[in-house]
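The file work00.cif contains mmCIF, C-alpha atoms and all ligand atoms:
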```cif
data_run
loop_
_atom_site.label_atom_id
_atom_site.label_comp_id
_atom_site.auth_asym_id
_atom_site.auth_seq_id
_atom_site.Cartn_x
_atom_site.Cartn_y
_atom_site.Cartn_z
CA MET A 1 33.50 28.00 -67.43
CA ALA A 2 30.69 26.65 -65.25
CA THR A 3 28.42 24.41 -67.29
CA PRO A 4 25.04 23.53 -65.79
CA ALA A 5 24.57 19.80 -65.22
CA HIS A 6 20.84 20.17 -65.83
CA VAL A 7 19.20 22.37 -68.45
CA ALA A 8 15.40 22.49 -68.71
CA ILE A 9 13.65 23.88 -71.77
CA ILE A 10 10.14 25.22 -72.34
CA MET A 11 9.83 24.41 -76.04
CA ASP A 12 7.39 27.16 -77.03
CA GLY A 13 6.40 28.85 -80.29
CA ASN A 14 5.64 25.96 -82.66
CA GLY A 15 2.23 27.40 -83.57
CA ARG A 16 3.56 30.89 -84.30
CA TRP A 17 6.46 29.44 -86.31
CA ALA A 18 3.93 27.65 -88.52
CA LYS A 19 1.60 30.65 -88.76
CA ALA A 20 4.47 32.88 -89.91
CA ARG A 21 4.92 30.44 -92.82
CA GLY A 22 1.25 30.05 -93.65
CA LEU A 23 1.37 26.43 -92.47
CA PRO A 24 -0.97 24.47 -90.16
CA ARG A 25 0.06 24.27 -86.47
CA LEU A 26 0.87 20.58 -86.90
CA ALA A 27 3.72 21.53 -89.27
CA GLY A 28 5.14 23.66 -86.44
CA HIS A 29 4.94 20.77 -83.99
CA ARG A 30 6.66 18.47 -86.51
CA ALA A 31 9.46 21.00 -86.99
CA GLY A 32 9.63 21.22 -83.20
CA VAL A 33 10.39 17.49 -82.96
CA GLU A 34 13.34 18.00 -85.33
CA ALA A 35 14.66 20.82 -83.12
CA LEU A 36 14.32 18.46 -80.14
CA ARG A 37 16.37 15.77 -81.93
CA GLN A 38 19.17 18.25 -82.62
CA THR A 39 19.11 19.53 -79.04
CA VAL A 40 19.34 16.01 -77.60
CA ARG A 41 22.44 15.43 -79.78
CA ALA A 42 24.03 18.79 -78.89
CA ALA A 43 23.43 18.75 -75.12
CA PRO A 44 25.93 16.04 -74.09
CA GLU A 45 28.50 17.42 -76.55
CA LEU A 46 28.23 20.75 -74.73
CA GLY A 47 28.73 19.11 -71.34
CA VAL A 48 25.10 18.90 -70.20
CA SER A 49 24.16 15.71 -68.27
CA TYR A 50 20.41 16.23 -67.77
CA LEU A 51 18.05 17.78 -70.32
CA THR A 52 14.40 18.26 -69.37
CA VAL A 53 11.94 19.25 -72.10
CA TYR A 54 8.39 20.49 -71.57
CA ALA A 55 6.46 18.63 -74.26
CA PHE A 56 2.81 18.72 -73.06
CA SER A 57 1.44 20.57 -70.05
CA SER A 58 -1.43 19.59 -67.79
CA GLU A 59 -3.19 22.68 -69.22
CA ASN A 60 -2.60 21.79 -72.89
CA TRP A 61 -5.70 19.54 -72.78
CA SER A 62 -7.70 22.75 -73.18
CA ARG A 63 -6.55 23.04 -76.83
CA PRO A 64 -8.81 21.87 -79.67
CA LYS A 65 -9.25 18.08 -79.70
CA SER A 66 -7.51 17.75 -83.07
CA GLU A 67 -4.37 19.52 -81.82
CA VAL A 68 -4.27 17.42 -78.63
CA SER A 69 -4.54 14.31 -80.75
CA ASP A 70 -1.76 15.56 -83.10
CA LEU A 71 0.52 16.11 -80.09
CA MET A 72 -0.23 12.62 -78.69
CA GLY A 73 0.49 11.18 -82.15
CA LEU A 74 3.80 13.03 -82.41
CA LEU A 75 4.96 11.74 -79.03
CA LYS A 76 4.17 8.16 -80.08
CA LEU A 77 5.98 8.68 -83.39
CA PHE A 78 8.99 10.20 -81.63
CA ILE A 79 9.33 7.24 -79.26
CA ARG A 80 8.77 4.65 -81.99
CA ARG A 81 11.19 6.25 -84.45
CA ASP A 82 13.88 7.55 -82.13
CA LEU A 83 14.06 5.13 -79.22
CA ALA A 84 16.64 2.83 -80.85
CA GLU A 85 18.91 5.75 -81.73
CA LEU A 86 18.52 7.32 -78.29
CA HIS A 87 19.47 4.01 -76.71
CA GLN A 88 22.44 3.59 -79.04
CA ASN A 89 23.66 7.07 -78.10
CA GLY A 90 23.55 6.25 -74.39
CA VAL A 91 20.52 8.42 -73.62
CA ARG A 92 18.52 7.48 -70.52
CA VAL A 93 14.86 8.48 -70.88
CA ARG A 94 12.83 9.56 -67.83
CA VAL A 95 9.25 10.76 -67.97
CA ILE A 96 7.69 13.20 -65.50
CA GLY A 97 4.03 14.17 -65.31
CA ASN A 98 0.72 12.50 -64.54
CA LYS A 99 0.85 9.15 -66.30
CA GLU A 100 -2.61 8.15 -65.10
CA GLY A 101 -4.17 10.76 -67.37
CA LEU A 102 -2.64 9.19 -70.50
CA GLN A 103 -3.96 6.56 -72.91
CA PRO A 104 -2.68 3.02 -72.18
CA ASP A 105 -0.71 2.79 -75.46
CA ILE A 106 1.18 6.00 -74.67
CA ARG A 107 1.84 4.85 -71.11
CA GLY A 108 3.18 1.57 -72.46
CA LEU A 109 5.53 3.31 -74.91
CA LEU A 110 6.84 5.68 -72.24
CA GLN A 111 7.36 2.75 -69.87
CA GLU A 112 9.22 0.84 -72.59
CA ALA A 113 11.48 3.84 -73.27
CA GLU A 114 12.27 4.21 -69.58
CA SER A 115 13.05 0.56 -68.96
CA LEU A 116 15.07 -0.01 -72.14
CA THR A 117 17.33 2.98 -71.46
CA ALA A 118 17.50 2.81 -67.65
CA GLY A 119 21.20 1.86 -67.59
CA ASN A 120 22.44 4.57 -70.00
CA GLU A 121 24.72 7.36 -68.87
CA ALA A 122 25.62 9.78 -71.68
CA LEU A 123 22.57 12.03 -71.12
CA THR A 124 19.38 11.82 -69.09
CA LEU A 125 16.52 13.10 -71.24
CA VAL A 126 13.58 13.99 -69.00
CA ILE A 127 10.35 14.30 -70.97
CA ALA A 128 7.71 16.38 -69.16
CA PHE A 129 4.46 15.05 -70.60
CA ASN A 130 1.03 15.76 -69.12
CA TYR A 131 3.15 17.64 -66.63
CA GLY A 132 2.18 20.57 -64.42
CA GLY A 133 4.19 21.83 -61.45
CA ARG A 134 1.09 22.30 -59.28
CA ASP A 135 -0.26 18.87 -60.20
CA GLU A 136 3.10 17.29 -59.33
CA ILE A 137 3.22 19.07 -55.96
CA VAL A 138 -0.39 18.12 -55.13
CA ARG A 139 0.15 14.45 -56.10
CA THR A 140 3.28 14.39 -53.94
CA ALA A 141 1.53 16.01 -50.96
CA ARG A 142 -1.27 13.44 -51.25
CA LYS A 143 1.22 10.56 -51.39
CA LEU A 144 2.99 11.78 -48.24
CA ALA A 145 -0.33 12.47 -46.46
CA GLU A 146 -1.38 8.87 -47.20
CA ALA A 147 1.93 7.54 -45.85
CA VAL A 148 1.39 9.54 -42.64
CA ALA A 149 -2.23 8.36 -42.36
CA ARG A 150 -1.10 4.73 -42.73
CA GLY A 151 1.44 5.27 -39.98
CA ASP A 152 4.38 4.63 -42.35
CA MET A 153 5.80 8.12 -41.86
CA ALA A 154 5.85 10.73 -39.07
CA SER A 155 4.54 14.13 -40.15
CA ASP A 156 7.74 15.82 -39.00
CA ALA A 157 9.65 13.58 -41.41
CA ILE A 158 8.17 15.74 -44.19
CA THR A 159 11.02 18.08 -45.01
CA ALA A 160 12.14 19.89 -48.14
CA GLU A 161 14.52 16.97 -48.77
CA SER A 162 11.98 14.17 -48.30
CA PHE A 163 9.39 16.14 -50.30
CA ALA A 164 11.84 16.55 -53.20
CA ALA A 165 12.64 12.84 -52.99
CA SER A 166 8.95 12.06 -53.54
CA LEU A 167 8.43 14.33 -56.57
CA ASP A 168 8.36 12.93 -60.13
CA THR A 169 11.92 14.29 -60.44
CA LYS A 170 13.31 12.19 -57.56
CA SER A 171 17.05 11.59 -57.98
CA ILE A 172 17.29 14.25 -60.72
CA PRO A 173 19.20 17.37 -59.60
CA ASP A 174 17.39 20.72 -59.84
CA PRO A 175 17.96 22.53 -63.16
CA GLU A 176 20.56 25.26 -62.85
CA LEU A 177 19.25 26.78 -66.07
CA VAL A 178 15.74 27.06 -67.54
CA ILE A 179 15.40 28.27 -71.13
CA ARG A 180 12.13 29.37 -72.74
CA THR A 181 11.83 30.07 -76.44
CA SER A 182 9.20 32.17 -78.28
CA GLY A 183 9.54 35.41 -76.32
CA GLU A 184 6.97 34.62 -73.61
CA LEU A 185 8.25 35.61 -70.16
CA ARG A 186 6.63 33.07 -67.85
CA LEU A 187 7.04 29.54 -66.48
CA SER A 188 3.56 28.23 -67.44
CA ASN A 189 3.50 25.75 -64.52
CA PHE A 190 6.91 24.20 -65.36
CA LEU A 191 9.09 22.75 -62.54
CA LEU A 192 7.68 25.14 -59.92
CA TRP A 193 9.46 23.41 -57.05
CA GLN A 194 12.68 22.54 -58.86
CA ALA A 195 13.24 25.94 -60.51
CA ALA A 196 13.24 27.84 -57.19
CA TYR A 197 16.82 29.04 -57.80
CA SER A 198 17.25 28.33 -61.50
CA GLU A 199 18.76 30.95 -63.76
CA LEU A 200 16.28 31.89 -66.49
CA VAL A 201 17.05 32.61 -70.13
CA PHE A 202 14.27 33.80 -72.42
CA LEU A 203 14.92 33.70 -76.15
CA PRO A 204 12.88 35.44 -78.85
CA CYS A 205 13.27 32.60 -81.36
CA TYR A 206 10.47 30.08 -81.91
CA TRP A 207 11.25 26.52 -80.79
CA PRO A 208 11.59 25.02 -84.33
CA ASP A 209 14.41 27.54 -85.00
CA PHE A 210 16.32 26.59 -81.83
CA SER A 211 19.77 25.23 -82.66
CA ARG A 212 22.99 24.09 -81.06
CA GLU A 213 24.22 27.71 -81.26
CA HIS A 214 21.25 28.96 -79.20
CA LEU A 215 22.04 26.33 -76.57
CA ALA A 216 25.74 27.23 -76.57
CA ASP A 217 24.83 30.95 -76.23
CA ALA A 218 22.48 30.22 -73.30
CA LEU A 219 25.25 28.23 -71.58
CA ARG A 220 27.64 31.19 -72.05
CA ASP A 221 24.99 33.51 -70.63
CA PHE A 222 24.62 31.16 -67.62
CA ALA A 223 28.39 31.12 -67.04
CA GLY A 224 28.32 34.90 -66.58
CA ARG A 225 25.53 34.85 -63.97
CA GLU A 226 26.20 35.32 -60.27
CA ARG A 227 24.16 32.83 -58.22
CA ARG A 228 23.68 33.83 -54.60
CA PHE A 229 20.92 31.53 -53.26
CA GLY A 230 19.87 34.23 -50.82
CA GLY A 231 23.38 34.68 -49.45
CA LEU A 232 26.08 37.14 -50.38
CA ALA A 233 28.63 37.07 -53.16
CA ALA A 234 32.04 35.93 -51.87
CA ARG A 235 33.56 39.39 -52.48
CA ASP A 236 30.91 41.05 -50.25
CA VAL A 237 31.15 38.71 -47.26
CA ALA A 238 33.95 40.66 -45.50
CA LEU A 239 32.18 44.06 -45.86
C1 LIG B 301 4.79 24.68 -77.95
O1 LIG B 301 4.33 25.44 -79.00
C2 LIG B 301 4.33 23.25 -78.01
C3 LIG B 301 3.32 22.91 -77.01
C4 LIG B 301 2.83 23.70 -76.11
C5 LIG B 301 2.83 21.54 -77.03
P1 LIG B 301 2.89 26.09 -78.99
O2 LIG B 301 1.93 25.12 -79.61
O3 LIG B 301 2.51 26.58 -77.65
O4 LIG B 301 3.11 27.31 -79.99
P2 LIG B 301 2.56 28.79 -79.82
O5 LIG B 301 2.93 29.25 -78.45
O6 LIG B 301 1.07 28.72 -80.03
O7 LIG B 301 3.25 29.56 -80.89
C1 LIG B 302 4.07 25.76 -72.22
O1 LIG B 302 3.67 26.41 -73.37
C2 LIG B 302 3.88 24.29 -72.39
C3 LIG B 302 4.80 23.61 -73.30
C4 LIG B 302 5.79 24.18 -73.95
C5 LIG B 302 4.60 22.20 -73.44
P1 LIG B 302 2.18 26.97 -73.57
O2 LIG B 302 2.14 27.54 -74.96
O3 LIG B 302 1.19 25.92 -73.25
O4 LIG B 302 2.10 28.10 -72.47
P2 LIG B 302 1.18 29.41 -72.38
O5 LIG B 302 -0.23 28.97 -72.62
O6 LIG B 302 1.66 30.34 -73.45
O7 LIG B 302 1.44 29.97 -71.03
MG MG B 303 2.76 28.30 -76.65
#
```

Produce structure tokens that represent the structure in this file.
Ligand code: IPE
Ligand code: IPE
Ligand code: MG
Amino acid sequence: MATPAHVAIIMDGNGRWAKARGLPRLAGHRAGVEALRQTVRAAPELGVSYLTVYAFSSENWSRPKSEVSDLMGLLKLFIRRDLAELHQNGVRVRVIGNKEGLQPDIRGLLQEAESLTAGNEALTLVIAFNYGGRDEIVRTARKLAEAVARGDMASDAITAESFAASLDTKSIPDPELVIRTSGELRLSNFLLWQAAYSELVFLPCYWPDFSREHLADALRDFAGRERRFGGLAARDVAL
């Protein structure tokens, strides 16, 4: 059975999970962190090498100030509480997104997590924080334009390969599978470049209810997909 090396997840539905229980949205986000912990444990056991999670989008700043501050607080708490265990379990942490838009203490914690775990190999956990696909593409285009303007790069050296190698996700393979919970059927600015040929699985369950079984089911679903990348299926080539 083909297992994707890289699974990316849009962890959506924390607010609705909380609302359905008469709880504040923060309770949903807290429960979401627990679902994330379980998923990080399950992923390598199920044969996944890279797990990317969408934790805060470049558009999530438009939420009420108190919710933004709760989400920043939860990220800090997650790194402080879980970093030692992640490291012990061989998890390498990578962060994608616009770090310049983050408070210095959060940047410091993310940097610490990345450097401490840089040599680990059991699972690469990619945290998309203050991440937006368009923002990433624009920052990359600007970086390459500056290199050309300085004379460090010829404009015809800008190719799909060199562009990909300048994105936040450099050296991370594209996700074969993208999962979104909560029933919404959209990408919401997630991995726009990298998900060009990803298989998509949309689940009705809210993120805090996501379990190892949901991940295993999504992997089974993926194994049954036929990926063609614009070509033809092997059985149709001779026709
Ligand atoms: C996902 O849950 C978490 C973040 C976007 C940070 P939501 O907060 O979007 O929950 P819903 O979609 O309102 O239910
Ligand atoms: C996407 O969810 C972002 C994260 C899961 C971090 P949103 O809840 O922000 O997306 P929309 O607003 O429903 O498209
Ligand atoms: Mg949402």

**Prompt:** Quick one, how far is CA of Lys19 (chain A) from atom O4 of ligand LIG 301 (chain B)?
**Reply:**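 Taking CA of Lys19 (chain A) and atom O4 of ligand LIG 301 (chain B), their separation equals 9.5 Å.
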
**Item:** 12 Å contact set for Leu36 (chain A), all atoms listed in the file, chain neighbours under 6 positions out, as a list in words
**Value:** Ile9, Ile10, Met11, Asp12, Asn14, His29, Arg30, Ala42, Ala43, Leu51, Thr52, Val53, Tyr54, Ala55, Leu75, Phe78, Asp82, Leu125, Ile127, Trp207, Pro208, Asp209, Phe210, Ser211, Arg212 and Leu215 of chain A

Please identify the residues whose atoms come within 12 Å of ligand MG 303 (chain B), using only C-alpha atoms and all ligand atoms, and report them as a CSV table (one decimal) with C-alpha atoms, in the coordinates of the input.
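Wrote it out as part-v9.csv, contents follow:
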```
chain,number,residue,atom,x,y,z
A,10,ILE,CA,10.1,25.2,-72.3
A,11,MET,CA,9.8,24.4,-76.0
A,12,ASP,CA,7.4,27.2,-77.0
A,13,GLY,CA,6.4,28.8,-80.3
A,14,ASN,CA,5.6,26.0,-82.7
A,15,GLY,CA,2.2,27.4,-83.6
A,16,ARG,CA,3.6,30.9,-84.3
A,17,TRP,CA,6.5,29.4,-86.3
A,18,ALA,CA,3.9,27.6,-88.5
A,25,ARG,CA,0.1,24.3,-86.5
A,28,GLY,CA,5.1,23.7,-86.4
A,29,HIS,CA,4.9,20.8,-84.0
A,32,GLY,CA,9.6,21.2,-83.2
A,54,TYR,CA,8.4,20.5,-71.6
A,55,ALA,CA,6.5,18.6,-74.3
A,56,PHE,CA,2.8,18.7,-73.1
A,57,SER,CA,1.4,20.6,-70.0
A,59,GLU,CA,-3.2,22.7,-69.2
A,60,ASN,CA,-2.6,21.8,-72.9
A,63,ARG,CA,-6.6,23.0,-76.8
A,180,ARG,CA,12.1,29.4,-72.7
A,181,THR,CA,11.8,30.1,-76.4
A,182,SER,CA,9.2,32.2,-78.3
A,183,GLY,CA,9.5,35.4,-76.3
A,184,GLU,CA,7.0,34.6,-73.6
A,185,LEU,CA,8.2,35.6,-70.2
A,186,ARG,CA,6.6,33.1,-67.8
A,187,LEU,CA,7.0,29.5,-66.5
A,188,SER,CA,3.6,28.2,-67.4
A,206,TYR,CA,10.5,30.1,-81.9
A,207,TRP,CA,11.2,26.5,-80.8
```

**Asked** In Å to one decimal, how far is CA of Gln194 (chain A) from CA of Asp152 (chain A)?
**Response**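 Atom-to-atom, CA of Asp152 (chain A) and CA of Gln194 (chain A) are spaced 25.7 Å apart.
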
**Item:** Within 12 Å of Asp105 (chain A) using all atoms listed in the file, minus same-chain residues under 5 positions, as a VMD selection string
**Value:** chain A and resid 72 to 73 75 to 77 79 to 80 99 to 100 110 to 112

**Item:** Separation of CA of Phe190 (chain A) from CA of Pro24 (chain A), in Å and rounded to one decimal
**Value:**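 Pair CA of Phe190 (chain A) / CA of Pro24 (chain A) returns 26.0 Å.
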
**Message:** Here is a test: counting all atoms listed in the file, which residue of A:Arg227, A:Arg220, A:Lys170, A:Lys143 is nearest to Arg94 (chain A)?
**Reply:** A:Lys170

**Item:** From A:Pro44, A:Pro204, A:Val178, A:Gly90, residue lying nearest ligand LIG 301 (chain B) [all atoms listed in the file]
**Value:**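 Nearest to ligand LIG 301 (chain B): A:Pro204.
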
Return as AutoDock Vina command-line options the centre and edge lengths, in Å with one decimal, of the box along x, y and z that encloses every atom of ligand LIG 302 (chain B) in the file, padded by 5 Å per side.
```
--center_x 2.8 --center_y 26.3 --center_z -73.0 --size_x 16.0 --size_y 18.1 --size_z 13.9
```
